[in-house]
2 protein chains.
Amino acid sequence: MALSEPDSTVESISETILTAALRRFEQYGYGKTTMAEIAADCDMSAANIYRYFENKLEIGAQLARRCLAQECSALTEVIGTPESAAVRLEAFLLGNLRYTYERWSEQPRINELVEAIARERTDVVQEHLRIKQELVTKLVEDGNRNGEFSVADPKRAAEAILVASTVFEVPLFMHMHSYEKFESMAKNVADLILRGLNARPSP
Amino acid sequence: MALSEPDSTVESISETILTAALRRFEQYGYGKTTMAEIAADCDMSAANIYRYFENKLEIGAQLARRCLAQECSALTEVIGTPESAAVRLEAFLLGNLRYTYERWSEQPRINELVEAIARERTDVVQEHLRIKQELVTKLVEDGNRNGEFSVADPKRAAEAILVASTVFEVPLFMHMHSYEKFESMAKNVADLILRGLNARPSP
DNA sequence: ATAATGAATAATTTCTTGATTGTTCATTAT
DNA sequence: ATAATGAACAATCAAGAAATTATTCATTAT
């Protein structure tokens, strides 16, 4: 059961603990796994974990950070494509949705972790949103640069875009519609954001 | 304690019950008020309430419907203004936010009711959203008519607008920011929706 | 007939208590 | 010194009993 980890630097031991915790959280959920179990998986005492992590919630927070960072890097790829900014914005919204939905439907346990963190470690979520906003800001600036967009305040626009895509980011909503319905909603929102409502001077 | 209600039609008695229930729900919350208490306020037995309502949840559902209908009529007023469609759309988003925020901060008990209904009577919420979508559809069509907007599918656009304003409709989010912050977010979203990201042919 | 009730039942909630678990710390090993 | 532990303590959780409450229905009033 023990994870093989020959090193014994603080980093590698922390890593061992995180890996063990993740395995437990995935399989049994955050609430049901005990510090003693995590410790046993690492061949150490529960008390010793506290030399590496402040408490259980902090272990959860670090894992959640990784999980969310993974999402961000997936979205970064989507955004880094050589497509038009418009296409990439829609891909961002759809990717956002896909990630949330798949985590909700395929890893309900991990989702339990994310919800606990959202409740008790607001800072982690805030930071995640900040990073996402940076991503979108970059995308909008990109669109400005190549003439697709003409947005005066890209940061402001990025914030609005994130706010508008809240439904696609929060697992809580996922039970309300089918994936297909959400997909159609995301496309509609992308369309709305891209074109706006204003009439254009017709040529 | 009894509510004065001289009539004895089914409607008036139902009304008496609803009024008593609302007073209890406002003061003590949905969960804490008992059918016996509501009945006592109406000078009748708990059993008799079941001659007028299927069960406690149905009383809650009817009150929630009224509460939500009140919101809709407030928003209808906002939309019925002789302002431009753009101004009215922003007013709609801000009104939406204001209603949610005030109910959350000033009537936390009633909010408890709304949450119970959202969980166990999805139909009531769905209907509310449908009506709201109609409102926005009208507004968009209005904008189309007077040349402010040029939206091919107003219903579709209205759906997207509602989806994009989810944060302002769900009490659950209200604790995340101050009212001022939300106000600024709503304005940003309104701006985004109205103008879109696309570059316009500059005159 | 219709309206209303009290008593009976079923479902929920609350409370209590024991066990489990997170966390600390004095002590032991390396 | 640093790393690790077992024992102790406090907080939380779980199970089941007790009580409360929603709901039904046979019966009584109007």
# chains A, B, ... in the order shown; residues from 1 in each chain; ligands from 1
$ interface_residues --of "chain B" --to "chain A" --cutoff "10 Å" --atoms "only C-alpha atoms" --output "ChimeraX atom specification"
/B:86,122,140,143-144,147-152,154,156-168,176,182,184-203
$ calpha_fit_and_write --fixed "chain B" --moving "chain A" --output "mmCIF file with C-alpha atoms, in the first residue's frame"
data_model
loop_
_atom_site.group_PDB
_atom_site.id
_atom_site.type_symbol
_atom_site.label_atom_id
_atom_site.label_comp_id
_atom_site.auth_asym_id
_atom_site.auth_seq_id
_atom_site.Cartn_x
_atom_site.Cartn_y
_atom_site.Cartn_z
ATOM 1 C CA MET A 1 -53.894 36.226 16.777
ATOM 2 C CA ALA A 2 -56.577 35.071 14.377
ATOM 3 C CA LEU A 3 -56.745 36.870 11.062
ATOM 4 C CA SER A 4 -60.071 38.530 10.395
ATOM 5 C CA GLU A 5 -61.642 37.033 7.319
ATOM 6 C CA PRO A 6 -65.431 37.154 7.232
ATOM 7 C CA ASP A 7 -65.865 35.332 3.898
ATOM 8 C CA SER A 8 -65.859 31.617 3.680
ATOM 9 C CA THR A 9 -65.360 30.840 0.024
ATOM 10 C CA VAL A 10 -62.623 28.373 -0.790
ATOM 11 C CA GLU A 11 -60.562 31.254 -2.168
ATOM 12 C CA SER A 12 -60.825 33.456 0.881
ATOM 13 C CA ILE A 13 -60.028 30.626 3.260
ATOM 14 C CA SER A 14 -57.039 29.633 1.153
ATOM 15 C CA GLU A 15 -56.016 33.260 1.259
ATOM 16 C CA THR A 16 -56.286 33.338 5.044
ATOM 17 C CA ILE A 17 -54.084 30.291 5.287
ATOM 18 C CA LEU A 18 -51.503 31.730 2.903
ATOM 19 C CA THR A 19 -51.400 35.008 4.814
ATOM 20 C CA ALA A 20 -50.913 33.241 8.121
ATOM 21 C CA ALA A 21 -48.244 30.982 6.634
ATOM 22 C CA LEU A 22 -46.394 33.941 5.146
ATOM 23 C CA ARG A 23 -46.312 35.742 8.476
ATOM 24 C CA ARG A 24 -44.868 32.647 10.131
ATOM 25 C CA PHE A 25 -42.387 31.953 7.339
ATOM 26 C CA GLU A 26 -41.144 35.542 7.434
ATOM 27 C CA GLN A 27 -40.665 35.529 11.168
ATOM 28 C CA TYR A 28 -39.546 31.992 11.963
ATOM 29 C CA GLY A 29 -38.591 30.467 8.614
ATOM 30 C CA TYR A 30 -40.146 27.686 6.564
ATOM 31 C CA GLY A 31 -38.623 24.812 8.479
ATOM 32 C CA LYS A 32 -39.524 26.035 11.936
ATOM 33 C CA THR A 33 -43.176 26.850 11.429
ATOM 34 C CA THR A 34 -45.577 23.984 11.913
ATOM 35 C CA MET A 35 -48.873 23.266 10.249
ATOM 36 C CA ALA A 36 -50.445 23.361 13.724
ATOM 37 C CA GLU A 37 -49.253 26.927 14.224
ATOM 38 C CA ILE A 38 -50.557 28.090 10.869
ATOM 39 C CA ALA A 39 -53.854 26.394 11.622
ATOM 40 C CA ALA A 40 -54.079 27.987 15.063
ATOM 41 C CA ASP A 41 -53.540 31.424 13.517
ATOM 42 C CA CYS A 42 -56.564 30.683 11.321
ATOM 43 C CA ASP A 43 -58.681 29.248 14.139
ATOM 44 C CA MET A 44 -58.862 25.855 12.570
ATOM 45 C CA SER A 45 -57.349 22.415 12.952
ATOM 46 C CA ALA A 46 -54.205 21.380 11.139
ATOM 47 C CA ALA A 47 -56.131 18.666 9.358
ATOM 48 C CA ASN A 48 -58.452 21.225 7.851
ATOM 49 C CA ILE A 49 -55.604 22.925 6.003
ATOM 50 C CA TYR A 50 -55.353 19.814 3.864
ATOM 51 C CA ARG A 51 -58.789 20.549 2.466
ATOM 52 C CA TYR A 52 -57.227 23.633 0.853
ATOM 53 C CA PHE A 53 -53.620 22.681 0.192
ATOM 54 C CA GLU A 54 -52.072 19.406 -0.801
ATOM 55 C CA ASN A 55 -49.270 19.773 1.741
ATOM 56 C CA LYS A 56 -46.920 22.217 3.410
ATOM 57 C CA LEU A 57 -44.610 22.391 0.420
ATOM 58 C CA GLU A 58 -47.504 23.442 -1.787
ATOM 59 C CA ILE A 59 -48.232 26.363 0.547
ATOM 60 C CA GLY A 60 -44.589 27.307 0.254
ATOM 61 C CA ALA A 61 -44.700 26.951 -3.516
ATOM 62 C CA GLN A 62 -47.686 29.266 -3.860
ATOM 63 C CA LEU A 63 -46.087 31.884 -1.642
ATOM 64 C CA ALA A 64 -42.818 31.572 -3.541
ATOM 65 C CA ARG A 65 -44.717 32.028 -6.795
ATOM 66 C CA ARG A 66 -46.155 35.270 -5.447
ATOM 67 C CA CYS A 67 -42.793 36.436 -4.219
ATOM 68 C CA LEU A 68 -41.249 35.765 -7.622
ATOM 69 C CA ALA A 69 -44.224 37.270 -9.436
ATOM 70 C CA GLN A 70 -43.694 40.420 -7.391
ATOM 71 C CA GLU A 71 -40.125 40.534 -8.615
ATOM 72 C CA CYS A 72 -41.302 40.088 -12.184
ATOM 73 C CA SER A 73 -43.802 42.912 -11.931
ATOM 74 C CA ALA A 74 -41.128 45.177 -10.471
ATOM 75 C CA LEU A 75 -38.913 44.301 -13.413
ATOM 76 C CA THR A 76 -41.797 44.810 -15.803
ATOM 77 C CA GLU A 77 -42.095 48.368 -14.535
ATOM 78 C CA VAL A 78 -38.401 48.924 -15.044
ATOM 79 C CA ILE A 79 -38.724 47.645 -18.577
ATOM 80 C CA GLY A 80 -41.874 49.639 -19.328
ATOM 81 C CA THR A 81 -40.021 52.913 -18.958
ATOM 82 C CA PRO A 82 -39.827 55.304 -21.922
ATOM 83 C CA GLU A 83 -36.040 55.046 -21.929
ATOM 84 C CA SER A 84 -33.921 53.521 -24.670
ATOM 85 C CA ALA A 85 -33.832 49.714 -24.829
ATOM 86 C CA ALA A 86 -30.161 49.807 -23.894
ATOM 87 C CA VAL A 87 -30.854 51.751 -20.718
ATOM 88 C CA ARG A 88 -33.724 49.462 -19.891
ATOM 89 C CA LEU A 89 -31.606 46.356 -20.339
ATOM 90 C CA GLU A 90 -29.058 47.659 -17.884
ATOM 91 C CA ALA A 91 -31.882 48.591 -15.533
ATOM 92 C CA PHE A 92 -33.190 45.056 -15.860
ATOM 93 C CA LEU A 93 -29.883 43.541 -14.806
ATOM 94 C CA LEU A 94 -29.466 45.996 -11.956
ATOM 95 C CA GLY A 95 -33.064 45.489 -10.831
ATOM 96 C CA ASN A 96 -32.558 41.781 -10.917
ATOM 97 C CA LEU A 97 -29.516 42.108 -8.726
ATOM 98 C CA ARG A 98 -31.164 44.545 -6.362
ATOM 99 C CA TYR A 99 -34.119 42.272 -5.801
ATOM 100 C CA THR A 100 -31.956 39.222 -5.134
ATOM 101 C CA TYR A 101 -29.592 41.090 -2.868
ATOM 102 C CA GLU A 102 -32.263 42.807 -0.830
ATOM 103 C CA ARG A 103 -34.227 39.629 -0.324
ATOM 104 C CA TRP A 104 -31.023 37.913 0.733
ATOM 105 C CA SER A 105 -29.919 40.600 3.163
ATOM 106 C CA GLU A 106 -33.231 41.868 4.496
ATOM 107 C CA GLN A 107 -35.464 38.814 4.426
ATOM 108 C CA PRO A 108 -33.168 35.900 5.123
ATOM 109 C CA ARG A 109 -36.121 33.864 6.350
ATOM 110 C CA ILE A 110 -38.108 34.252 3.166
ATOM 111 C CA ASN A 111 -34.962 33.371 1.354
ATOM 112 C CA GLU A 112 -34.900 30.089 3.222
ATOM 113 C CA LEU A 113 -38.298 29.422 1.704
ATOM 114 C CA VAL A 114 -37.116 30.278 -1.779
ATOM 115 C CA GLU A 115 -34.173 27.929 -1.408
ATOM 116 C CA ALA A 116 -36.374 25.084 -0.227
ATOM 117 C CA ILE A 117 -38.596 25.623 -3.257
ATOM 118 C CA ALA A 118 -35.624 25.808 -5.602
ATOM 119 C CA ARG A 119 -34.572 22.416 -4.282
ATOM 120 C CA GLU A 120 -37.885 20.619 -4.180
ATOM 121 C CA ARG A 121 -40.118 22.420 -6.637
ATOM 122 C CA THR A 122 -38.028 22.952 -9.731
ATOM 123 C CA ASP A 123 -41.181 23.660 -11.720
ATOM 124 C CA VAL A 124 -41.777 26.931 -9.860
ATOM 125 C CA VAL A 125 -38.297 28.204 -10.662
ATOM 126 C CA GLN A 126 -38.518 27.050 -14.281
ATOM 127 C CA GLU A 127 -41.778 28.914 -14.705
ATOM 128 C CA HIS A 128 -40.251 32.028 -13.185
ATOM 129 C CA LEU A 129 -37.332 31.895 -15.592
ATOM 130 C CA ARG A 130 -39.732 31.368 -18.489
ATOM 131 C CA ILE A 131 -41.614 34.513 -17.582
ATOM 132 C CA LYS A 132 -38.426 36.476 -17.158
ATOM 133 C CA GLN A 133 -37.281 35.289 -20.540
ATOM 134 C CA GLU A 134 -40.517 36.545 -22.054
ATOM 135 C CA LEU A 135 -39.875 39.936 -20.489
ATOM 136 C CA VAL A 136 -36.399 40.147 -21.927
ATOM 137 C CA THR A 137 -37.581 38.867 -25.285
ATOM 138 C CA LYS A 138 -40.097 41.718 -25.404
ATOM 139 C CA LEU A 139 -37.367 44.170 -24.510
ATOM 140 C CA VAL A 140 -35.066 42.905 -27.233
ATOM 141 C CA GLU A 141 -37.849 42.980 -29.821
ATOM 142 C CA ASP A 142 -38.552 46.503 -28.716
ATOM 143 C CA GLY A 143 -34.936 47.409 -29.307
ATOM 144 C CA ASN A 144 -35.065 45.784 -32.712
ATOM 145 C CA ARG A 145 -38.161 47.765 -33.600
ATOM 146 C CA ASN A 146 -36.666 51.149 -32.846
ATOM 147 C CA GLY A 147 -33.374 50.376 -34.543
ATOM 148 C CA GLU A 148 -31.229 50.143 -31.419
ATOM 149 C CA PHE A 149 -30.685 46.402 -31.794
ATOM 150 C CA SER A 150 -30.545 44.115 -34.758
ATOM 151 C CA VAL A 151 -31.011 40.690 -33.307
ATOM 152 C CA ALA A 152 -32.044 37.853 -35.583
ATOM 153 C CA ASP A 153 -33.482 35.608 -32.865
ATOM 154 C CA PRO A 154 -34.706 37.675 -29.896
ATOM 155 C CA LYS A 155 -35.853 34.630 -27.938
ATOM 156 C CA ARG A 156 -32.449 33.053 -28.279
ATOM 157 C CA ALA A 157 -30.761 36.301 -27.244
ATOM 158 C CA ALA A 158 -33.066 36.615 -24.246
ATOM 159 C CA GLU A 159 -32.124 33.125 -23.116
ATOM 160 C CA ALA A 160 -28.459 33.989 -23.385
ATOM 161 C CA ILE A 161 -28.977 37.195 -21.424
ATOM 162 C CA LEU A 162 -30.688 35.315 -18.622
ATOM 163 C CA VAL A 163 -27.968 32.688 -18.543
ATOM 164 C CA ALA A 164 -25.364 35.429 -18.417
ATOM 165 C CA SER A 165 -27.086 37.072 -15.468
ATOM 166 C CA THR A 166 -27.347 33.965 -13.345
ATOM 167 C CA VAL A 167 -24.983 35.318 -10.695
ATOM 168 C CA PHE A 168 -27.381 38.160 -10.060
ATOM 169 C CA GLU A 169 -30.361 35.863 -9.628
ATOM 170 C CA VAL A 170 -29.067 33.252 -7.240
ATOM 171 C CA PRO A 171 -29.028 34.184 -3.543
ATOM 172 C CA LEU A 172 -26.272 31.643 -2.924
ATOM 173 C CA PHE A 173 -23.731 33.973 -4.529
ATOM 174 C CA MET A 174 -24.695 37.088 -2.627
ATOM 175 C CA HIS A 175 -22.221 36.491 0.180
ATOM 176 C CA MET A 176 -19.286 36.534 -2.204
ATOM 177 C CA HIS A 177 -19.109 40.265 -2.872
ATOM 178 C CA SER A 178 -20.409 43.568 -1.603
ATOM 179 C CA TYR A 179 -23.453 45.085 -3.240
ATOM 180 C CA GLU A 180 -21.265 47.733 -4.829
ATOM 181 C CA LYS A 181 -19.033 45.099 -6.387
ATOM 182 C CA PHE A 182 -22.039 43.264 -7.775
ATOM 183 C CA GLU A 183 -23.404 46.519 -9.124
ATOM 184 C CA SER A 184 -20.196 47.147 -10.994
ATOM 185 C CA MET A 185 -20.247 43.581 -12.309
ATOM 186 C CA ALA A 186 -23.801 43.975 -13.542
ATOM 187 C CA LYS A 187 -22.907 47.197 -15.330
ATOM 188 C CA ASN A 188 -19.946 45.506 -16.978
ATOM 189 C CA VAL A 189 -22.055 42.621 -18.150
ATOM 190 C CA ALA A 190 -24.726 44.964 -19.464
ATOM 191 C CA ASP A 191 -22.065 46.888 -21.336
ATOM 192 C CA LEU A 192 -20.615 43.694 -22.775
ATOM 193 C CA ILE A 193 -23.999 42.440 -23.908
ATOM 194 C CA LEU A 194 -24.965 45.732 -25.448
ATOM 195 C CA ARG A 195 -21.794 46.379 -27.387
ATOM 196 C CA GLY A 196 -20.339 42.946 -27.899
ATOM 197 C CA LEU A 197 -16.685 42.446 -28.691
ATOM 198 C CA ASN A 198 -16.734 42.806 -32.424
ATOM 199 C CA ALA A 199 -15.052 45.718 -34.070
ATOM 200 C CA ARG A 200 -17.489 47.975 -35.881
ATOM 201 C CA PRO A 201 -16.665 49.559 -39.211
ATOM 202 C CA SER A 202 -15.468 52.906 -37.928
ATOM 203 C CA PRO A 203 -17.083 55.897 -39.671
#
$ residues_around --residues "C:DA29" --least-positions-apart "4" --cutoff "10 Å" --atoms "only C-alpha atoms (C1' of nucleotides)" --output "mmCIF file with C-alpha atoms (C1' of nucleotides), in the first residue's frame"
data_model
loop_
_atom_site.group_PDB
_atom_site.id
_atom_site.type_symbol
_atom_site.label_atom_id
_atom_site.label_comp_id
_atom_site.auth_asym_id
_atom_site.auth_seq_id
_atom_site.Cartn_x
_atom_site.Cartn_y
_atom_site.Cartn_z
ATOM 1 C "C1'" DA D 3 12.501 13.665 12.340
ATOM 2 C "C1'" DA D 4 9.101 10.997 14.078
ATOM 3 C "C1'" DT D 5 6.036 9.054 17.394
#
$ select_by_dssp --residues "chain B" --states "alpha helix (DSSP H)" --output "PyMOL selection string"
chain B and resi 10-28+35-41+46-49+56-80+85-106+108-120+122-145+154-164+179-195
$ write_last_selection --atoms "C-alpha atoms" --output "tab-separated table (two decimals), in the first residue's frame"
chain	number	residue	atom	x	y	z
B	10	VAL	CA	-62.63	28.58	-0.67
B	11	GLU	CA	-60.57	31.44	-2.07
B	12	SER	CA	-60.78	33.63	1.00
B	13	ILE	CA	-60.00	30.78	3.36
B	14	SER	CA	-57.04	29.75	1.21
B	15	GLU	CA	-55.98	33.36	1.34
B	16	THR	CA	-56.22	33.43	5.10
B	17	ILE	CA	-54.03	30.36	5.32
B	18	LEU	CA	-51.47	31.77	2.91
B	19	THR	CA	-51.32	35.03	4.84
B	20	ALA	CA	-50.82	33.26	8.14
B	21	ALA	CA	-48.19	30.97	6.63
B	22	LEU	CA	-46.32	33.91	5.13
B	23	ARG	CA	-46.20	35.71	8.47
B	24	ARG	CA	-44.78	32.59	10.10
B	25	PHE	CA	-42.33	31.88	7.29
B	26	GLU	CA	-41.05	35.47	7.38
B	27	GLN	CA	-40.54	35.42	11.11
B	28	TYR	CA	-39.45	31.88	11.89
B	35	MET	CA	-48.88	23.26	10.24
B	36	ALA	CA	-50.41	23.38	13.72
B	37	GLU	CA	-49.15	26.92	14.22
B	38	ILE	CA	-50.48	28.11	10.89
B	39	ALA	CA	-53.79	26.45	11.67
B	40	ALA	CA	-53.98	28.06	15.12
B	41	ASP	CA	-53.41	31.48	13.57
B	46	ALA	CA	-54.18	21.46	11.17
B	47	ALA	CA	-56.18	18.77	9.41
B	48	ASN	CA	-58.48	21.38	7.92
B	49	ILE	CA	-55.63	23.03	6.05
B	56	LYS	CA	-46.99	22.22	3.38
B	57	LEU	CA	-44.69	22.37	0.37
B	58	GLU	CA	-47.59	23.45	-1.82
B	59	ILE	CA	-48.28	26.36	0.52
B	60	GLY	CA	-44.61	27.28	0.21
B	61	ALA	CA	-44.75	26.92	-3.56
B	62	GLN	CA	-47.73	29.26	-3.89
B	63	LEU	CA	-46.09	31.86	-1.68
B	64	ALA	CA	-42.85	31.52	-3.61
B	65	ARG	CA	-44.76	31.99	-6.85
B	66	ARG	CA	-46.18	35.23	-5.50
B	67	CYS	CA	-42.80	36.38	-4.30
B	68	LEU	CA	-41.28	35.69	-7.70
B	69	ALA	CA	-44.25	37.19	-9.51
B	70	GLN	CA	-43.74	40.35	-7.46
B	71	GLU	CA	-40.16	40.45	-8.69
B	72	CYS	CA	-41.33	40.00	-12.26
B	73	SER	CA	-43.85	42.81	-12.03
B	74	ALA	CA	-41.19	45.09	-10.56
B	75	LEU	CA	-38.96	44.21	-13.49
B	76	THR	CA	-41.84	44.71	-15.90
B	77	GLU	CA	-42.17	48.26	-14.64
B	78	VAL	CA	-38.47	48.83	-15.13
B	79	ILE	CA	-38.77	47.56	-18.67
B	80	GLY	CA	-41.92	49.52	-19.43
B	85	ALA	CA	-33.85	49.68	-24.86
B	86	ALA	CA	-30.18	49.80	-23.90
B	87	VAL	CA	-30.92	51.73	-20.73
B	88	ARG	CA	-33.78	49.41	-19.92
B	89	LEU	CA	-31.63	46.33	-20.36
B	90	GLU	CA	-29.11	47.66	-17.88
B	91	ALA	CA	-31.97	48.56	-15.56
B	92	PHE	CA	-33.24	45.02	-15.90
B	93	LEU	CA	-29.92	43.53	-14.82
B	94	LEU	CA	-29.55	45.99	-11.96
B	95	GLY	CA	-33.14	45.45	-10.87
B	96	ASN	CA	-32.62	41.73	-10.96
B	97	LEU	CA	-29.58	42.09	-8.74
B	98	ARG	CA	-31.26	44.52	-6.37
B	99	TYR	CA	-34.21	42.22	-5.84
B	100	THR	CA	-32.02	39.20	-5.16
B	101	TYR	CA	-29.67	41.07	-2.89
B	102	GLU	CA	-32.38	42.76	-0.86
B	103	ARG	CA	-34.30	39.57	-0.36
B	104	TRP	CA	-31.10	37.89	0.71
B	105	SER	CA	-30.02	40.58	3.15
B	106	GLU	CA	-33.34	41.80	4.47
B	108	PRO	CA	-33.18	35.82	5.06
B	109	ARG	CA	-36.10	33.75	6.30
B	110	ILE	CA	-38.10	34.14	3.12
B	111	ASN	CA	-34.98	33.27	1.29
B	112	GLU	CA	-34.90	29.98	3.14
B	113	LEU	CA	-38.31	29.32	1.64
B	114	VAL	CA	-37.13	30.18	-1.85
B	115	GLU	CA	-34.20	27.81	-1.48
B	116	ALA	CA	-36.43	24.99	-0.30
B	117	ILE	CA	-38.65	25.53	-3.33
B	118	ALA	CA	-35.68	25.71	-5.68
B	119	ARG	CA	-34.65	22.30	-4.36
B	120	GLU	CA	-37.99	20.52	-4.25
B	122	THR	CA	-38.10	22.87	-9.79
B	123	ASP	CA	-41.24	23.58	-11.78
B	124	VAL	CA	-41.83	26.86	-9.93
B	125	VAL	CA	-38.33	28.11	-10.72
B	126	GLN	CA	-38.53	26.95	-14.33
B	127	GLU	CA	-41.79	28.83	-14.78
B	128	HIS	CA	-40.25	31.94	-13.26
B	129	LEU	CA	-37.32	31.78	-15.64
B	130	ARG	CA	-39.68	31.27	-18.56
B	131	ILE	CA	-41.58	34.42	-17.66
B	132	LYS	CA	-38.40	36.39	-17.21
B	133	GLN	CA	-37.22	35.20	-20.59
B	134	GLU	CA	-40.44	36.44	-22.13
B	135	LEU	CA	-39.83	39.83	-20.57
B	136	VAL	CA	-36.35	40.06	-21.97
B	137	THR	CA	-37.51	38.78	-25.34
B	138	LYS	CA	-40.04	41.61	-25.49
B	139	LEU	CA	-37.33	44.08	-24.57
B	140	VAL	CA	-35.01	42.84	-27.28
B	141	GLU	CA	-37.77	42.89	-29.89
B	142	ASP	CA	-38.52	46.41	-28.77
B	143	GLY	CA	-34.90	47.34	-29.34
B	144	ASN	CA	-34.99	45.72	-32.75
B	145	ARG	CA	-38.10	47.66	-33.66
B	154	PRO	CA	-34.57	37.61	-29.91
B	155	LYS	CA	-35.70	34.56	-27.97
B	156	ARG	CA	-32.29	33.01	-28.29
B	157	ALA	CA	-30.64	36.27	-27.25
B	158	ALA	CA	-32.96	36.56	-24.26
B	159	GLU	CA	-32.01	33.08	-23.13
B	160	ALA	CA	-28.34	33.97	-23.36
B	161	ILE	CA	-28.91	37.17	-21.41
B	162	LEU	CA	-30.62	35.28	-18.62
B	163	VAL	CA	-27.88	32.68	-18.52
B	164	ALA	CA	-25.30	35.44	-18.37
B	179	TYR	CA	-23.60	45.14	-3.20
B	180	GLU	CA	-21.44	47.83	-4.77
B	181	LYS	CA	-19.16	45.22	-6.31
B	182	PHE	CA	-22.13	43.34	-7.73
B	183	GLU	CA	-23.53	46.58	-9.08
B	184	SER	CA	-20.31	47.24	-10.92
B	185	MET	CA	-20.31	43.68	-12.25
B	186	ALA	CA	-23.87	44.04	-13.50
B	187	LYS	CA	-22.99	47.26	-15.27
B	188	ASN	CA	-20.01	45.61	-16.90
B	189	VAL	CA	-22.08	42.69	-18.09
B	190	ALA	CA	-24.75	45.01	-19.43
B	191	ASP	CA	-22.11	46.96	-21.28
B	192	LEU	CA	-20.62	43.78	-22.72
B	193	ILE	CA	-23.97	42.49	-23.86
B	194	LEU	CA	-24.96	45.78	-25.41
B	195	ARG	CA	-21.80	46.46	-27.32
$ residues_around --residues "D:DA26" --least-positions-apart "3" --cutoff "12 Å" --atoms "only C-alpha atoms (C1' of nucleotides)" --output "PyMOL selection string"
chain C and resi 5-8
$ residues_around --residues "D:DT12" --least-positions-apart "3" --cutoff "10 Å" --atoms "only C-alpha atoms (C1' of nucleotides)" --output "VMD selection string"
chain C and resid 20 to 22
$ write_last_selection --atoms "C-alpha atoms (C1' of nucleotides)" --output "PDB file, in the first residue's frame"
ATOM      1  C1'  DT C  20     -14.176   8.364  15.789  1.00  0.00           C
ATOM      2  C1'  DT C  21     -11.098  11.725  14.178  1.00  0.00           C
ATOM      3  C1'  DG C  22      -8.281  16.018  13.869  1.00  0.00           C
TER       4       DG C  22
END
$ closest_atom_pairs --of "chain D" --to "chain B" --cutoff "12 Å" --atoms "only C-alpha atoms (C1' of nucleotides)" --output "CSV"
residue,atom,partner,partner_atom,distance
D:DT20,C1',B:Thr34,CA,9.8
D:DT21,C1',B:Thr34,CA,7.0
D:DA22,C1',B:Met35,CA,7.5
D:DT23,C1',B:Asn55,CA,7.9
D:DT24,C1',B:Ala47,CA,8.7
D:DC25,C1',B:Ala47,CA,10.1
$ write_last_selection --atoms "N, CA and C atoms (P, O5', C5', C4', C3', O3' and C1' of nucleotides)" --output "PDB file, in the first residue's frame"
ATOM      1  P    DT D  20     -41.940  16.912  22.439  1.00  0.00           P
ATOM      2  O5'  DT D  20     -42.032  17.382  20.927  1.00  0.00           O
ATOM      3  C5'  DT D  20     -40.822  17.737  20.255  1.00  0.00           C
ATOM      4  C4'  DT D  20     -41.071  17.806  18.767  1.00  0.00           C
ATOM      5  C3'  DT D  20     -42.366  18.529  18.361  1.00  0.00           C
ATOM      6  O3'  DT D  20     -42.000  19.533  17.427  1.00  0.00           O
ATOM      7  C1'  DT D  20     -42.175  16.445  17.239  1.00  0.00           C
ATOM      8  P    DT D  21     -43.066  20.579  16.876  1.00  0.00           P
ATOM      9  O5'  DT D  21     -43.480  19.949  15.488  1.00  0.00           O
ATOM     10  C5'  DT D  21     -42.455  19.566  14.564  1.00  0.00           C
ATOM     11  C4'  DT D  21     -43.051  18.844  13.383  1.00  0.00           C
ATOM     12  C3'  DT D  21     -44.352  19.444  12.852  1.00  0.00           C
ATOM     13  O3'  DT D  21     -44.161  19.741  11.491  1.00  0.00           O
ATOM     14  C1'  DT D  21     -44.549  17.103  13.113  1.00  0.00           C
ATOM     15  P    DA D  22     -45.238  20.485  10.582  1.00  0.00           P
ATOM     16  O5'  DA D  22     -45.623  19.380   9.507  1.00  0.00           O
ATOM     17  C5'  DA D  22     -44.604  18.873   8.661  1.00  0.00           C
ATOM     18  C4'  DA D  22     -45.119  17.648   7.906  1.00  0.00           C
ATOM     19  C3'  DA D  22     -46.318  17.911   7.000  1.00  0.00           C
ATOM     20  O3'  DA D  22     -46.108  17.232   5.774  1.00  0.00           O
ATOM     21  C1'  DA D  22     -46.858  16.236   8.610  1.00  0.00           C
ATOM     22  P    DT D  23     -47.141  17.449   4.562  1.00  0.00           P
ATOM     23  O5'  DT D  23     -48.191  16.297   4.837  1.00  0.00           O
ATOM     24  C5'  DT D  23     -47.745  14.931   4.765  1.00  0.00           C
ATOM     25  C4'  DT D  23     -48.865  13.994   5.166  1.00  0.00           C
ATOM     26  C3'  DT D  23     -50.206  14.250   4.467  1.00  0.00           C
ATOM     27  O3'  DT D  23     -50.511  13.088   3.714  1.00  0.00           O
ATOM     28  C1'  DT D  23     -50.487  13.802   6.782  1.00  0.00           C
ATOM     29  P    DT D  24     -51.893  13.002   2.840  1.00  0.00           P
ATOM     30  O5'  DT D  24     -52.736  11.976   3.712  1.00  0.00           O
ATOM     31  C5'  DT D  24     -52.104  10.791   4.189  1.00  0.00           C
ATOM     32  C4'  DT D  24     -53.087   9.996   5.035  1.00  0.00           C
ATOM     33  C3'  DT D  24     -54.498   9.878   4.449  1.00  0.00           C
ATOM     34  O3'  DT D  24     -54.888   8.514   4.545  1.00  0.00           O
ATOM     35  C1'  DT D  24     -54.607  10.712   6.659  1.00  0.00           C
ATOM     36  P    DC D  25     -56.163   7.962   3.728  1.00  0.00           P
ATOM     37  O5'  DC D  25     -57.220   7.765   4.904  1.00  0.00           O
ATOM     38  C5'  DC D  25     -56.761   7.322   6.185  1.00  0.00           C
ATOM     39  C4'  DC D  25     -57.926   7.332   7.166  1.00  0.00           C
ATOM     40  C3'  DC D  25     -59.314   7.337   6.511  1.00  0.00           C
ATOM     41  O3'  DC D  25     -60.206   6.604   7.336  1.00  0.00           O
ATOM     42  C1'  DC D  25     -59.098   9.215   7.871  1.00  0.00           C
TER      43       DC D  25
END
